[in-house]
Amino acid sequence: MPEEIIRTLSADGVRYGYRVLSYDRSGGAVPRTEPTLILGGALQGMFGWPQMDDHLGPATDVVTADLPGMGGADPLPPGPSADLLRRAVLGIADDLGAPRLNVFGFSYGTAIAFGFAQRHPERVARLALGGVPVHIDAAQVACWERARRQLAAGDREGFAATAADALMCLDPERPVHRRELARRYVRRSFLHALTHSPHAADSLHRALADRPDFTGGLTGVPALVFAGEHDTVTSPARQREFAATIEGSRFLTVGESDHWVVLERAEEVASLVTGFFTGRDPMAATACATGAVVLPRQATAPAGRAVRDGRPRGRLRL
């Protein structure tokens with residue numbers, strides 16, 4: 001049975017915490033890779049990743065966190081928060097005594113993970129990023145402004161519905177696996193967070209107001225970037241352009257999913273990330289990827305599926 005340890009830290013006087021899930025290795029078994037830190041969306045805390053626990057647990061220690069402003073941590077102080085969040089991640093690495101970490105960032109968490117890798121590449125063994133919000137268009141901004149007004153007016157149900165729909169592809173012509181199940185789950189998650197976290201509303205406002213910085217590129221860190229093929233928050237094409245700024249990175253899309261690929265294709269994403277962190281080929285780790293490409297820095301190849309013999313490579317589906 002795994003052992004769970006929760007520790008409390010502080011950064012600039014702001015209290016936050018992290019959780020470590022470790023399997024018993026007293027028989028001499030050793031982890032197959034470095035500890036893996038998972039950083040999720042604005043309201044995703046340390047207990048929101050059971051599928052990653054199941055897949056990564058046998059191979060490595062799994063680390064999840066309530067960073068400042070999230071879950072049970074203290075609220076963020078006024079002003080920009082990116083530096084504080086990166087220092088909080090560094091505090092976790094130091095407290096673990098880990099020279100290097102595998103880091104997986106999803107959605108809002110990709111900005112924290114990418115920024116940490118840029119500033120501390122020597123502390124990152126491998127970097128996986130999913131659903132990277134590189135570009136938010138005017139329609140998304142308008143939708144989130146409507147959600148903000150609903151929340152300010154006390155309409156939590158309306159906010160949860162609007163916010164969930166803003167993060168999902170609702171076009172019936174574009175197939176999304178488990179779309180309605182994911183939609184209901186996201187709505188309930190927003191409502192639960194607003195009910196049980198005293199600063200959830202502030203965290204959401206921060207996530208919308210603090211535009212993440214994905215510029216500057218990255219070298220020296222093996223990286224994987226993946227996107228749902230119908231991601232309407234930031235298109236796979238733009239996410240691939242971002243991936244091309246990371247030297248030698250791999251990029252792939254995951255079939256029949258949108259921004260919430262970690263819900264709609266939970267098992268496949270967990271297998272994909274575990275495979276990458278333990279040295280397996282990303283394409284071999286998921287049965288629904290549309291294509292994987294190794295990208296040189298500033299690559300200009302057109303976005304889309306990998307092509308073989310002049311035709312798109314067939315997509316394997318479950």
# chains A, B, ... in the order shown; residues from 1 in each chain; ligands from 1

call {"tool": "select_by_dssp", "arguments": {"residues": "stretch 92-219 of chain A", "states": "strand (DSSP E)", "output": "PyMOL selection string"}}
result
chain A and resi 101-106+124-130

call {"tool": "select_by_dssp", "arguments": {"residues": "stretch 69-242 of chain A", "states": "alpha helix (DSSP H)", "output": "PyMOL selection string"}}
result
chain A and resi 82-96+108-119+138-152+156-166+179-196+200-209+236-242

call {"tool": "closest_residue", "arguments": {"among": "A:Thr195, A:Glu180, A:Pro222, A:Ala243", "to": "A:Ser257", "atoms": "only C-alpha atoms"}}
result
A:Glu180

call {"tool": "residues_around", "arguments": {"residues": "A:Thr8", "least_positions_apart": "4", "cutoff": "8 Å", "atoms": "only C-alpha atoms", "output": "short mmCIF file (atom, residue, chain, number, x, y, z; two decimals) with N, CA and C atoms, in the first residue's frame"}}
result
data_model
loop_
_atom_site.label_atom_id
_atom_site.label_comp_id
_atom_site.auth_asym_id
_atom_site.auth_seq_id
_atom_site.Cartn_x
_atom_site.Cartn_y
_atom_site.Cartn_z
N ARG A 15 1.17 30.58 3.35
CA ARG A 15 1.19 29.15 3.66
C ARG A 15 0.60 28.34 2.50
N TYR A 16 1.26 27.22 2.18
CA TYR A 16 0.74 26.31 1.16
C TYR A 16 1.21 24.90 1.52
N GLY A 17 0.76 23.92 0.75
CA GLY A 17 1.12 22.55 1.12
C GLY A 17 1.31 21.66 -0.08
N TYR A 18 1.92 20.51 0.17
CA TYR A 18 2.04 19.51 -0.88
C TYR A 18 1.88 18.12 -0.30
#

call {"tool": "atom_distance", "arguments": {"atom1": "atom CA of A:Val62", "atom2": "atom CA of A:Ser10"}}
result
20.4 Å

call {"tool": "closest_atom_pairs", "arguments": {"of": "stretch 75-105 of chain A", "to": "stretch 261-283 of chain A", "cutoff": "10 Å", "atoms": "only C-alpha atoms", "output": "tab-separated table"}}
result
residue	atom	partner	partner_atom	distance
A:Asn102	CA	A:Phe277	CA	6.8
A:Val103	CA	A:Phe277	CA	9.0
A:Phe104	CA	A:Val273	CA	7.8

call {"tool": "residues_around", "arguments": {"residues": "stretch 78-90 of chain A", "least_positions_apart": "5", "cutoff": "9 Å", "atoms": "only C-alpha atoms", "output": "list in words"}}
result
Leu9, Ser10, Ala11, Asp12, Tyr16, Leu37, Ala65, Leu67, Pro68, Asp95, Ala111, Ile112, Ala113, Gly115, Phe116, Arg119, His120, Arg123, Arg206, Asp210 and Pro212 of chain A

call {"tool": "write_last_selection", "arguments": {"atoms": "N, CA and C atoms", "output": "mmCIF file, in the first residue's frame"}}
result
data_model
loop_
_atom_site.group_PDB
_atom_site.id
_atom_site.type_symbol
_atom_site.label_atom_id
_atom_site.label_comp_id
_atom_site.auth_asym_id
_atom_site.auth_seq_id
_atom_site.Cartn_x
_atom_site.Cartn_y
_atom_site.Cartn_z
ATOM 1 N N LEU A 9 4.330 24.291 3.874
ATOM 2 C CA LEU A 9 5.458 25.191 3.669
ATOM 3 C C LEU A 9 4.933 26.622 3.611
ATOM 4 N N SER A 10 5.842 27.560 3.437
ATOM 5 C CA SER A 10 5.422 28.949 3.227
ATOM 6 C C SER A 10 6.396 29.625 2.271
ATOM 7 N N ALA A 11 5.881 30.565 1.529
ATOM 8 C CA ALA A 11 6.685 31.388 0.626
ATOM 9 C C ALA A 11 6.252 32.831 0.823
ATOM 10 N N ASP A 12 7.188 33.680 1.188
ATOM 11 C CA ASP A 12 6.880 35.083 1.477
ATOM 12 C C ASP A 12 5.759 35.209 2.501
ATOM 13 N N TYR A 16 1.264 27.217 2.182
ATOM 14 C CA TYR A 16 0.744 26.308 1.160
ATOM 15 C C TYR A 16 1.205 24.902 1.524
ATOM 16 N N LEU A 37 6.039 16.056 -10.014
ATOM 17 C CA LEU A 37 5.171 17.100 -9.479
ATOM 18 C C LEU A 37 4.092 17.425 -10.509
ATOM 19 N N ALA A 65 -0.001 19.394 -5.173
ATOM 20 C CA ALA A 65 0.151 20.566 -4.319
ATOM 21 C C ALA A 65 -1.102 21.424 -4.269
ATOM 22 N N LEU A 67 -0.907 24.986 -4.119
ATOM 23 C CA LEU A 67 -0.040 26.154 -4.174
ATOM 24 C C LEU A 67 -0.773 27.376 -3.628
ATOM 25 N N PRO A 68 -0.071 28.457 -3.324
ATOM 26 C CA PRO A 68 -0.742 29.666 -2.846
ATOM 27 C C PRO A 68 -1.910 30.048 -3.746
ATOM 28 N N ASP A 95 12.334 21.019 -0.268
ATOM 29 C CA ASP A 95 11.854 20.285 0.897
ATOM 30 C C ASP A 95 11.891 18.777 0.654
ATOM 31 N N ALA A 111 1.647 27.387 -17.136
ATOM 32 C CA ALA A 111 2.425 28.620 -17.017
ATOM 33 C C ALA A 111 3.394 28.533 -15.842
ATOM 34 N N ILE A 112 2.941 27.966 -14.726
ATOM 35 C CA ILE A 112 3.808 27.804 -13.562
ATOM 36 C C ILE A 112 4.930 26.819 -13.885
ATOM 37 N N ALA A 113 4.568 25.686 -14.501
ATOM 38 C CA ALA A 113 5.558 24.658 -14.811
ATOM 39 C C ALA A 113 6.584 25.166 -15.815
ATOM 40 N N GLY A 115 7.376 28.342 -16.566
ATOM 41 C CA GLY A 115 8.196 29.392 -15.971
ATOM 42 C C GLY A 115 9.234 28.843 -15.018
ATOM 43 N N PHE A 116 8.866 27.814 -14.242
ATOM 44 C CA PHE A 116 9.826 27.197 -13.336
ATOM 45 C C PHE A 116 10.952 26.530 -14.124
ATOM 46 N N ARG A 119 13.467 29.113 -15.435
ATOM 47 C CA ARG A 119 14.337 29.724 -14.431
ATOM 48 C C ARG A 119 15.201 28.713 -13.696
ATOM 49 N N HIS A 120 14.765 27.468 -13.653
ATOM 50 C CA HIS A 120 15.524 26.440 -12.936
ATOM 51 C C HIS A 120 15.625 25.160 -13.772
ATOM 52 N N ARG A 123 16.801 21.879 -12.326
ATOM 53 C CA ARG A 123 15.970 21.160 -11.360
ATOM 54 C C ARG A 123 14.853 20.351 -12.034
ATOM 55 N N ARG A 206 -7.791 35.766 -10.599
ATOM 56 C CA ARG A 206 -6.362 35.824 -10.883
ATOM 57 C C ARG A 206 -6.025 35.058 -12.152
ATOM 58 N N ASP A 210 -4.324 37.489 -14.771
ATOM 59 C CA ASP A 210 -2.881 37.355 -14.933
ATOM 60 C C ASP A 210 -2.593 36.594 -16.225
ATOM 61 N N PRO A 212 -0.727 34.629 -18.658
ATOM 62 C CA PRO A 212 0.525 33.889 -18.528
ATOM 63 C C PRO A 212 1.494 34.227 -19.649
#
